[in-house]
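Structure first, commentary second.
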Amino acid sequence: MKNNLKKSELLISPELGVYSNLYKDIYFDKNHGIKETQHNFLKANNLASRFKKSNKFIISELGFGTGLSFLLTLKLWKKTKKPNAKLIFISFESAPLTKIELKQVYKYVKGLKTLSSQLIKKLPSIYQSTHRLFFDTENVELILIYDDFNSLKNFNFKADAWFLDGFAPQKNTSAWNAKLFEQIYLTTNFQGTFSTFTAAGHVRRGLSNSGFSVSKVVGFGNKKESLIGIKKTLSSEINKASSFNNHIGPVAIIGSGISGASLAYSLRKRNIECFVVDKSSKYASGASGNKLALQMPKLTLDNSPYGLLSLEAFTYSRNLAKNLNSIPPSDGLIVLPSRERDQVKYLKLLQNNWPLDLITNKVDNAKFLENINYVYMKSSGILDNKKFIKNLIKDVKFVTNFDVKKVINTKDQLKLLIDDKGNSLKAKTVIWANGYEMKNLSNNVPINSISGQVTYLKENKAYNNFKLNFSYGHHFSQAFGGYHQIGSSFNRNEDKNYKEIDQINNLNSIPEFLKKIIKDFNSETKYRVSIRASTKDRMPFFCSLETIINKNTKNEYLLGGMGSWGFVYAPLYAEFLIKSLLNEPLVINSNMERLLGVNRLL
């Protein structure tokens, strides 16, 4: 995996306005940027009228740039959208502006202070991946694909409108070529439109040859003409992609760990009725109930789907945890590669242009790490499990002490959940997210039970000055709630009993240089044992229950197999499952899609 993004080389001056030294072109008209963008993209695609009629609308864009077209679209959406309608805005960018640069830009642009501040606050770190930002109050999802425009071929979605930006054709040829025009056409819905500021002949001919019906319209300002187009050919796959179904609720989520809580969050932000059911008297009583969890990506040297998906899931879950104030004050994560091949891997990754907050090999003011082979991942680290889950299921009904034993289909097309005492609940959709106990549904559920014991070592005063966390096969956390968390053991069984040998092994796993700092190594300890649900490739899955059980289990689904990585993968996998139920586009690199479903495990 390499970070192949370019530097934006932003220049702002009275003479040039907001200008890219990289492409030697302006981002927008220096005097009338807002009116220019509204004319070229919002009005040219007739968005005000179309928003009023749409339950779901998808816009895709080449060149996010300053985000001006997105912000003006968001402003128009707020004014004209239908109640509960959804806007998905997909934008490709290979030279993203930094937050500091965008703050400079919006000092220059009048009238968008509030919206631009919201955007800048949500923007991710600049590295090559797919980043998902949500504006919940308006039901808007901004999907930033930080990659070159040719990566469009790896994504499967259908846009209702395209903004073809990407600087002038003679300045940025990567945005204006026949292969890209063909991909744009393929990823456009029937009756979908495009608009662009240019009227260059080869652009008009290329878009026309790809299948669009292309017209010239009056350009903005001194620009005599610009182009618009529409897709008039119906293909067999469009109807399904364009359908919208918000009638899946109420949804019963069985299990209140990180998977169930993530599902509740994805449903709640769409205003879909749901409730969480658990056999325990409190949430996160299973494997999600440890004090802390590590959030970090599993980076790979090649463009392996495992590495790409891990990075995207980490980015999503870590940003979500930050937004929900669930990350304790911390200095990040130290990874100690023990095997020679891992040392070689990280050495090469350090040369692949990743931002320093994602991966580097230097930590300030940590002399005890001198002469130690390590990698520093500042943006990775711990989160407060209980707080994260509590915030994910905020305002969602939680039914405790309800051990679901069977689900019955009713005559009114609902599901009747019955517990071990004969009590019942009704729902339209059921999602099983109850960890290793999901195996009770069928022997075909591809889950392995893994018992794990974590050790809690009483807070060590000698280590109080450090807020670093360590990963080395096991993990050692900074002090939190009076204890350091160490773990975890790995036993292929469902034994929840305390094991002295696991406690000893956890303590012995602590690196020698940390033991020298801690010194009081035999101080008070506690423990916690739980059962994790893993799969043969250690990646999660979601699917319909009918895929596994050959009987009528319509509107029942599974989300599981998180293993010890639930706090990295569950939020994104839950989002993908809910998207699939609502026929929203996943907007995921096609190379990763097979790692979502269950077929690879059967």
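Following the order of the structure tokens, first chain is A, next is B, and so on, with residues numbered from 1 inside each chain and ligands from 1 in the order they appear.
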
Practice task
Any chance you could list, as a PyMOL selection string, the residues in range 279-493 of chain A that come up strand (DSSP E) when DSSP is run on the backbone?
Solution key: chain A and resi 292-295+333-335+375-377+381-384+397-399+404-409+415-419+424-427+429-432+448-458+469-472+474-476+483-487

Problem - Who sits within 12 Å of Thr98 in chain A, only C-alpha atoms, same chain under 2 positions skipped, as a list in words - result: Lys6, Lys7, Ser8, Glu9, Leu10, Gly65, Thr66, Gly67, Ala95, Pro96, Ile100, Glu101, Leu102, Lys103, Gln104, Val105, Leu119, Ile120, Lys121, Lys122, Leu123, Pro124, Ser125, Ile126, Tyr127 and Pro355 of chain A

Problem - Spatial neighbours of Lys224 in chain A, 12 Å, only C-alpha atoms, chain gap at least 4 places, as a PyMOL selection string - result: chain A and resi 197-200+216-220

Practice task
Mind the document's chain letters and residue numbers, and return as an MDAnalysis selection string the residues of range 99-254 of chain A that DSSP labels alpha helix (DSSP H).
Solution key: chainID A and resid 99:108 113:122 178:186 201:210 238:242

Practice task
Would you kindly return, as a list in words, each protein, DNA or RNA residue with an atom no farther than 7 Å from any atom of Leu559 in chain A, considering only C-alpha atoms and excluding same-chain residues fewer than 3 positions away?
Solution key: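 Counting only the stated atoms, we get Ser259, Trp432, Ala433, Phe541, Phe542 and Cys543 of chain A.
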
Problem - Atom pair CA of Arg341 in chain A / CA of Phe470 in chain A: separation (Å) - result: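 Distance between the two atoms: 19.0 Å.
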
Problem - Option closest in space to Val529 in chain A, from A:Gly257, A:Gly452, A:Gly201, A:Gly332 [counting only C-alpha atoms] - result: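 The answer is A:Gly452, which sits nearest to Val529 in chain A.
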
Problem - Non-local contacts of Trp176 in chain A (12 Å; only C-alpha atoms; under 2 positions in same chain excluded) as an NGL selection string - result: :A and (62-63 or 149-150 or 164-174 or 178-184 or 196 or 198-207)

Exercise for the section: Go through A:Gly381, A:Gly289, A:Gly307, A:Gly487 and flag the residue nearest Ser330 in chain A, using only C-alpha atoms for the distances. Expected result: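 Nearest candidate to Ser330 in chain A out of A:Gly381, A:Gly289, A:Gly307, A:Gly487: A:Gly381.
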
Exercise for the section: Excluding range 40-46 of chain A and residues on its chain fewer than 3 positions from it, collect all residues at most 6 Å away from it, counting only C-alpha atoms, and give them as number ranges by chain. Expected result: A: 37, 49, 195, 197

Practice task
Just the residues within 6 Å of range 383-389 of chain A, please, counting only C-alpha atoms, with nothing from its chain fewer than 4 positions along; format it as a PyMOL selection string.
Solution key: chain A and resi 261+291-293+326-327

What would the file look like if the residues just selected were written as an mmCIF file, in the first residue's frame with N, CA and C atoms?
```cif
data_model
loop_
_atom_site.group_PDB
_atom_site.id
_atom_site.type_symbol
_atom_site.label_atom_id
_atom_site.label_comp_id
_atom_site.auth_asym_id
_atom_site.auth_seq_id
_atom_site.Cartn_x
_atom_site.Cartn_y
_atom_site.Cartn_z
ATOM 1 N N ALA A 261 -24.524 -2.312 18.701
ATOM 2 C CA ALA A 261 -24.536 -0.869 18.925
ATOM 3 C C ALA A 261 -24.262 -0.102 17.627
ATOM 4 N N LYS A 291 -12.531 -2.926 29.394
ATOM 5 C CA LYS A 291 -12.439 -1.479 29.642
ATOM 6 C C LYS A 291 -12.040 -0.736 28.370
ATOM 7 N N LEU A 292 -11.076 -1.302 27.645
ATOM 8 C CA LEU A 292 -10.479 -0.625 26.499
ATOM 9 C C LEU A 292 -10.403 -1.548 25.294
ATOM 10 N N ALA A 293 -10.260 -0.957 24.118
ATOM 11 C CA ALA A 293 -9.944 -1.698 22.902
ATOM 12 C C ALA A 293 -8.958 -0.874 22.092
ATOM 13 N N SER A 326 -15.291 9.399 22.668
ATOM 14 C CA SER A 326 -15.051 8.121 23.339
ATOM 15 C C SER A 326 -13.585 7.722 23.370
ATOM 16 N N ILE A 327 -12.692 8.654 23.083
ATOM 17 C CA ILE A 327 -11.258 8.369 23.100
ATOM 18 C C ILE A 327 -10.620 9.105 24.264
#
```

Exercise for the section: Could you tell me which of A:Val277, A:Leu267, A:Ile504, A:Met1 comes closest to Trp354 in chain A if we count only C-alpha atoms? Expected result: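 Smallest distance to Trp354 in chain A is found for A:Met1.
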